[in-house]
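Structure file my_file18.cif (mmCIF, C-alpha atoms) is printed below.
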data_input
#
loop_
_atom_site.label_atom_id
_atom_site.label_comp_id
_atom_site.auth_asym_id
_atom_site.auth_seq_id
_atom_site.Cartn_x
_atom_site.Cartn_y
_atom_site.Cartn_z
CA MET A 107 -28.28 5.48 -6.18
CA ASP A 108 -30.97 8.14 -5.87
CA HIS A 109 -29.00 9.86 -3.13
CA ILE A 110 -25.49 9.49 -4.51
CA ASP A 111 -24.33 10.90 -7.81
CA VAL A 112 -22.95 8.35 -10.28
CA ASP A 113 -19.86 10.47 -10.80
CA ASP A 114 -19.15 10.32 -7.07
CA ILE A 115 -19.40 6.53 -7.07
CA GLN A 116 -17.01 6.27 -10.00
CA GLN A 117 -14.51 8.69 -8.53
CA ILE A 118 -14.54 7.24 -5.01
CA ALA A 119 -14.30 3.59 -6.12
CA ALA A 120 -11.50 4.27 -8.61
CA SER A 121 -9.59 6.42 -6.13
CA ALA A 122 -9.77 3.69 -3.49
CA GLY A 123 -8.39 1.14 -5.95
CA ALA A 124 -5.67 3.57 -7.02
CA VAL A 125 -4.48 3.97 -3.42
CA VAL A 126 -4.09 0.19 -3.13
CA LEU A 127 -2.25 -0.09 -6.44
CA GLU A 128 0.04 2.89 -5.84
CA ASN A 129 1.22 1.63 -2.46
CA GLY A 130 2.27 -1.93 -3.21
CA GLY A 131 -1.04 -3.80 -3.08
CA GLU A 132 -1.81 -6.77 -5.30
CA THR A 133 -4.11 -6.38 -8.30
CA TYR A 134 -6.78 -8.71 -6.93
CA ARG A 135 -6.80 -6.72 -3.67
CA ALA A 136 -7.30 -3.47 -5.59
CA GLU A 137 -10.15 -5.02 -7.60
CA THR A 138 -11.84 -6.26 -4.42
CA THR A 139 -11.55 -2.81 -2.88
CA VAL A 140 -13.07 -1.15 -5.95
CA VAL A 141 -16.00 -3.59 -6.13
CA ARG A 142 -16.80 -3.44 -2.42
CA THR A 143 -16.58 0.35 -2.33
CA ALA A 144 -18.83 0.79 -5.39
CA ALA A 145 -21.37 -1.72 -4.06
CA SER A 146 -21.50 -0.03 -0.66
CA LEU A 147 -22.31 3.27 -2.38
CA GLY A 148 -25.26 1.76 -4.24
CA ALA A 149 -23.78 0.50 -7.51
CA VAL A 150 -25.54 -2.51 -9.04
CA GLU A 151 -23.41 -5.44 -10.26
CA PRO A 152 -20.10 -3.56 -9.95
CA SER A 153 -17.03 -5.03 -11.59
CA SER A 154 -13.44 -3.93 -11.95
CA PHE A 155 -10.51 -4.60 -14.21
CA ILE A 156 -7.10 -3.43 -13.07
CA THR A 157 -3.63 -3.53 -14.57
CA THR A 158 -0.45 -2.09 -13.12
CA THR A 159 -1.18 1.28 -14.74
CA VAL A 160 -4.98 1.57 -14.98
CA VAL A 161 -7.93 1.20 -12.61
CA MET A 162 -11.27 0.56 -14.35
CA VAL A 163 -14.69 0.29 -12.72
CA SER A 164 -18.01 -0.59 -14.34
CA PHE A 165 -21.52 -0.90 -12.86
CA LEU A 166 -25.25 -0.41 -13.42
CA ASP A 167 -27.70 1.90 -11.72
CA GLU A 168 -31.16 0.95 -10.54
CA LYS A 169 -32.56 1.67 -14.01
CA ARG A 170 -29.97 -0.69 -15.58
CA ASN A 171 -28.03 2.17 -17.16
CA HIS A 172 -24.40 1.27 -17.64
CA TYR A 173 -21.47 3.38 -16.44
CA SER A 174 -17.72 2.93 -16.85
CA TYR A 175 -14.77 4.91 -15.56
CA PHE A 176 -11.01 4.51 -15.53
CA LYS A 177 -8.16 6.17 -13.66
CA ARG A 178 -4.55 6.23 -14.84
CA ILE A 179 -1.79 5.24 -12.41
CA TYR A 180 1.50 7.11 -12.75
CA LYS A 181 3.40 6.15 -9.61
CA ARG A 182 4.06 2.99 -7.63
CA ASP A 183 5.49 2.88 -4.13
CA ILE A 184 5.30 0.75 -1.00
CA ASN A 185 3.31 1.95 2.01
CA LEU A 186 1.60 -0.78 3.99
CA ASN A 187 0.05 1.74 6.37
CA LYS A 188 -1.96 3.29 3.53
CA LEU A 189 -3.02 -0.18 2.41
CA ALA A 190 -4.33 -0.95 5.89
CA MET A 191 -6.20 2.36 6.11
CA ILE A 192 -7.92 2.06 2.72
CA ASN A 193 -8.79 -1.57 3.49
CA ASN A 194 -10.40 -0.54 6.78
CA LEU A 195 -12.35 2.21 5.00
CA SER A 196 -13.74 -0.12 2.33
CA ARG A 197 -14.76 -2.69 4.95
CA SER A 198 -16.38 0.03 7.05
CA LEU A 199 -18.41 1.25 4.08
CA GLU A 200 -19.52 -2.30 3.36
CA ARG A 201 -20.80 -2.77 6.90
CA HIS A 202 -22.95 0.40 6.87
CA LYS A 203 -26.50 0.05 5.63
CA ARG A 204 -27.36 3.75 5.44
CA VAL A 205 -26.36 6.14 2.66
CA PRO A 206 -22.88 7.43 3.55
CA ASP A 207 -21.66 11.02 3.52
CA VAL A 208 -19.98 11.25 0.12
CA ALA A 209 -17.98 14.38 0.98
CA LEU A 210 -16.64 12.71 4.12
CA ILE A 211 -15.58 9.60 2.18
CA GLU A 212 -13.78 11.73 -0.42
CA ARG A 213 -11.94 13.60 2.33
CA ARG A 214 -10.93 10.34 4.02
CA ILE A 215 -9.58 8.89 0.78
CA MET A 216 -7.67 12.11 0.11
CA HIS A 217 -6.32 11.99 3.66
CA ILE A 218 -5.14 8.40 3.16
CA ALA A 219 -3.57 9.14 -0.23
CA THR A 220 -1.65 12.10 1.18
CA ALA A 221 -0.92 10.63 4.62
CA LYS A 222 2.41 11.61 6.08
CA GLU A 223 5.14 9.08 5.46
CA TYR A 224 8.23 8.33 7.48
CA SER A 225 10.87 11.04 7.42
CA VAL A 226 13.71 10.84 4.91
CA ALA A 227 16.23 10.47 7.75
CA PHE A 228 14.28 7.51 9.17
CA ILE A 229 14.09 5.78 5.77
CA VAL A 230 17.79 6.36 5.02
CA ALA A 231 18.81 5.11 8.47
CA PHE A 232 16.90 1.86 8.21
CA ALA A 233 17.98 1.30 4.61
CA ALA A 234 21.56 1.61 5.84
CA LEU A 235 20.85 -0.85 8.66
CA SER A 236 19.32 -3.32 6.21
CA SER A 237 22.50 -3.17 4.12
CA PHE A 238 24.54 -3.73 7.30
CA PHE A 239 22.66 -6.88 8.30
CA PHE A 240 22.34 -8.26 4.77
CA THR A 241 26.12 -8.06 4.45
CA LEU A 242 26.54 -10.04 7.65
CA LEU A 243 23.91 -12.52 6.41
CA PHE A 244 25.90 -13.17 3.23
CA GLY A 245 29.08 -13.92 5.17
CA GLY A 246 30.72 -10.50 5.31
CA THR A 247 32.84 -9.31 8.18
CA VAL A 248 31.88 -6.54 10.58
CA LEU A 249 34.11 -4.19 8.58
CA ASP A 250 32.29 -5.17 5.37
CA ALA A 251 28.96 -4.54 7.11
CA LEU A 252 30.07 -1.10 8.33
CA CYS A 253 31.10 -0.15 4.79
CA ALA A 254 27.74 -1.42 3.51
CA LEU A 255 26.04 0.67 6.20
CA PHE A 256 27.77 3.81 4.91
CA ILE A 257 27.21 3.07 1.21
CA GLY A 258 23.64 1.89 1.74
CA GLY A 259 22.68 5.14 3.45
CA ILE A 260 24.14 7.25 0.63
CA LEU A 261 22.47 5.07 -1.98
CA ARG A 262 19.02 5.33 -0.39
CA ALA A 263 19.34 9.11 -0.07
CA ALA A 264 20.25 9.34 -3.77
CA ILE A 265 17.32 7.10 -4.73
CA ARG A 266 14.94 9.32 -2.74
CA LEU A 267 16.21 12.37 -4.62
CA LEU A 268 15.83 10.65 -8.00
CA GLY A 269 12.35 9.45 -7.02
CA LYS A 270 11.16 13.06 -6.82
CA SER A 271 12.03 13.62 -10.48
CA THR A 272 10.45 12.20 -13.62
CA VAL A 273 13.23 9.63 -14.06
CA ASN A 274 11.80 6.15 -14.70
CA ASN A 275 12.46 3.20 -12.39
CA PHE A 276 14.71 1.38 -14.85
CA PHE A 277 17.15 4.30 -14.95
CA VAL A 278 17.01 4.66 -11.16
CA SER A 279 17.88 0.97 -10.74
CA LEU A 280 20.66 1.31 -13.31
CA CYS A 281 22.15 4.22 -11.40
CA ALA A 282 21.74 2.38 -8.09
CA GLY A 283 23.70 -0.63 -9.33
CA SER A 284 26.46 1.57 -10.75
CA ALA A 285 26.71 3.73 -7.64
CA ALA A 286 26.90 0.73 -5.30
CA SER A 287 29.74 -0.92 -7.23
CA VAL A 288 31.67 2.33 -7.77
CA MET A 289 31.51 3.37 -4.10
CA THR A 290 32.50 -0.12 -2.97
CA ASP A 291 35.47 -0.21 -5.34
CA ILE A 292 36.57 3.22 -4.19
CA LEU A 293 36.65 1.96 -0.60
CA GLY A 294 38.47 -1.11 -1.93
CA LEU A 295 41.35 1.14 -3.02
CA THR A 296 42.06 1.87 0.63
CA PRO A 297 44.14 -0.50 2.80
CA LEU A 298 40.93 -1.84 4.34
CA PRO A 299 40.55 -5.65 3.91
CA LEU A 300 37.14 -5.55 2.21
CA HIS A 301 35.22 -8.30 0.44
CA SER A 302 33.83 -6.07 -2.31
CA SER A 303 31.41 -8.58 -3.82
CA VAL A 304 29.73 -9.23 -0.46
CA VAL A 305 29.43 -5.51 0.25
CA ILE A 306 27.84 -4.85 -3.16
CA ILE A 307 25.33 -7.64 -2.66
CA GLY A 308 24.45 -6.40 0.83
CA VAL A 309 23.91 -2.85 -0.41
CA LEU A 310 21.83 -3.85 -3.44
CA MET A 311 19.51 -6.09 -1.44
CA GLN A 312 17.60 -2.99 -0.30
CA VAL A 313 16.60 -2.25 -3.91
CA VAL A 314 15.94 -5.81 -5.11
CA PRO A 315 12.29 -5.95 -6.33
CA GLY A 316 11.19 -8.66 -3.93
CA LEU A 317 7.68 -7.31 -3.32
CA ALA A 318 7.01 -6.90 -7.05
CA LEU A 319 8.06 -10.50 -7.64
CA VAL A 320 5.86 -11.82 -4.82
CA ASN A 321 2.89 -9.75 -6.02
CA SER A 322 3.32 -11.06 -9.55
CA ILE A 323 3.13 -14.63 -8.25
CA ARG A 324 0.08 -13.87 -6.07
CA ASP A 325 -1.70 -12.13 -8.97
CA SER A 326 -1.01 -15.09 -11.24
CA ILE A 327 -2.32 -17.53 -8.63
CA ALA A 328 -5.44 -15.38 -8.28
CA GLY A 329 -5.99 -15.63 -12.06
CA ASP A 330 -4.87 -12.09 -12.96
CA PHE A 331 -2.37 -13.24 -15.57
CA VAL A 332 -2.09 -9.87 -17.34
CA ALA A 333 -1.21 -8.04 -14.13
CA GLY A 334 0.96 -10.92 -12.91
CA THR A 335 2.95 -11.00 -16.13
CA SER A 336 3.41 -7.23 -16.23
CA ARG A 337 4.60 -7.18 -12.62
CA LEU A 338 6.99 -10.05 -13.34
CA VAL A 339 8.42 -8.21 -16.35
CA ASP A 340 8.79 -5.07 -14.23
CA ALA A 341 10.65 -7.02 -11.54
CA LEU A 342 12.91 -8.69 -14.10
CA LEU A 343 13.71 -5.36 -15.76
CA THR A 344 14.61 -3.88 -12.38
CA ALA A 345 16.87 -6.84 -11.62
CA LEU A 346 18.43 -6.50 -15.09
CA ALA A 347 19.07 -2.79 -14.52
CA LEU A 348 20.75 -3.52 -11.18
CA SER A 349 22.94 -6.19 -12.78
CA VAL A 350 23.92 -4.07 -15.78
CA GLY A 351 24.54 -1.02 -13.58
CA SER A 352 26.73 -2.85 -11.08
CA THR A 353 28.71 -4.53 -13.89
CA ALA A 354 29.21 -1.23 -15.66
CA GLY A 355 30.39 0.38 -12.43
CA LEU A 356 32.90 -2.41 -11.86
CA LEU A 357 34.25 -2.10 -15.40
CA VAL A 358 34.64 1.66 -15.08
CA THR A 359 36.45 1.51 -11.74
CA HIS A 360 38.72 -1.33 -12.91
CA ALA A 361 39.61 0.68 -16.01
CA ILE A 362 40.45 3.68 -13.84
CA GLU A 363 42.58 1.49 -11.57
CA ARG A 364 44.55 0.15 -14.55
CA GLY A 365 45.01 3.69 -15.82
CA LEU A 366 46.40 4.84 -12.50
CA GLN A 367 48.85 1.94 -12.46
#
Structure rendered as structure tokens:
Amino acid sequence: MDHIDVDDIQQIAASAGAVVLENGGETYRAETTVVRTAASLGAVEPSSFITTTVVMVSFLDEKRNHYSYFKRIYKRDINLNKLAMINNLSRSLERHKRVPDVALIERRIMHIATAKEYSVAFIVAFAALSSFFFTLLFGGTVLDALCALFIGGILRAAIRLLGKSTVNNFFVSLCAGSAASVMTDILGLTPLPLHSSVVIIGVLMQVVPGLALVNSIRDSIAGDFVAGTSRLVDALLTALALSVGSTAGLLVTHAIERGLQ
């Protein structure tokens, strides 16, 4: 601790935990990363408490002075590559016995946090393909799958655009459900023999909060009941928004169809 400033330990440990939490990692994994990073930098008896929106780290110095620090989390995404990189960094720090270069660690964490992601075109293309194969999985025809491919690509592009704004996830999921049902019903007005319900399900599978649900279960099993419950509520709210949005879209399009008749 004599060679590393306490503020640096707090900032580095909290930033490492934030990278895990912001990119789809479980709460217990983020806490482990924070504790190992702080300990490797010289913190005594480090501990961490993390929720879905806050990273907190607490430790002692060699003179038994107590320090606490917290970092607010404003975004949540999924990037397993960043999780792997920050995990490798924390393990590497733990293996080293000498005092690390603090500036280098800060640059590496910043590099991981801002690492280049897949291109928008790549993400949209594979989201469309996922909709295509999910539609086939749920018993749709090839024509249904092709329609899901088209709608799924448009939907993912729209979600990416909304994700750059300050719109909250509930509203994004609401819009996603509405857009999927409306676009499917519009295609259903054509002479094409579509199974609309199967197409909607195939398209919406790409936005179903499966990872959030799994993480909530894993956090609960690990004993992090606060984080597990909050993640479960988040997943249920997202599922509710998708259901309400798709139902609202169906009602609107059916009303328009009756009006045209």
Using all atoms listed in the file, which residues of range 294-323 of chain A come within 7 Å of range 243-258 of chain A, and what is the closest atom pair for each, with the distance in Å to one decimal? Give it as a tab-separated table, sorted by chain and residue number.
residue	atom	partner	partner_atom	distance
A:Leu300	CA	A:Asp250	CA	5.8
A:His301	CA	A:Asp250	CA	6.5
A:Val304	CA	A:Gly246	CA	6.0
A:Val305	CA	A:Ala254	CA	5.5
A:Gly308	CA	A:Ala254	CA	6.5
A:Val309	CA	A:Gly258	CA	5.2
- Task: Mind checking which residues fall within 10 Å of Val332 in chain A, counting all atoms listed in the file, ignoring those fewer than 2 positions away in the same chain, and posting them as number ranges by chain?
- Result: A: 133, 156-158, 322, 325-326, 329-330, 334-338
- Message: Report, in Å to a single decimal, how far apart CA of Leu357 in chain A and CA of Val313 in chain A are.
- Response: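 A separation of 21.1 Å between them.
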- Task: For Leu127 in chain A, work out the shell of residues within 10 Å, counting all atoms listed in the file and skipping chain neighbours fewer than 4 positions away, then give it as a VMD selection string.
- Result: chain A and resid 121 to 123 131 to 137 156 to 161 179 181 to 184 189
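In this structure, CA of Ala318 in chain A sits 19.3 Å away from CA of Cys281 in chain A.
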- Message: Which residues are near Leu348 in chain A? Cut-off 10 Å, all atoms listed in the file, ignore same chain within fewer than 6 positions. Put them as a list in words.
- Response: Phe276, Phe277, Val278, Ser279, Leu280, Cys281, Ala282, Gly283, Ser284, Ala286, Leu310, Val313, Val314, Leu342 and Ala354 of chain A
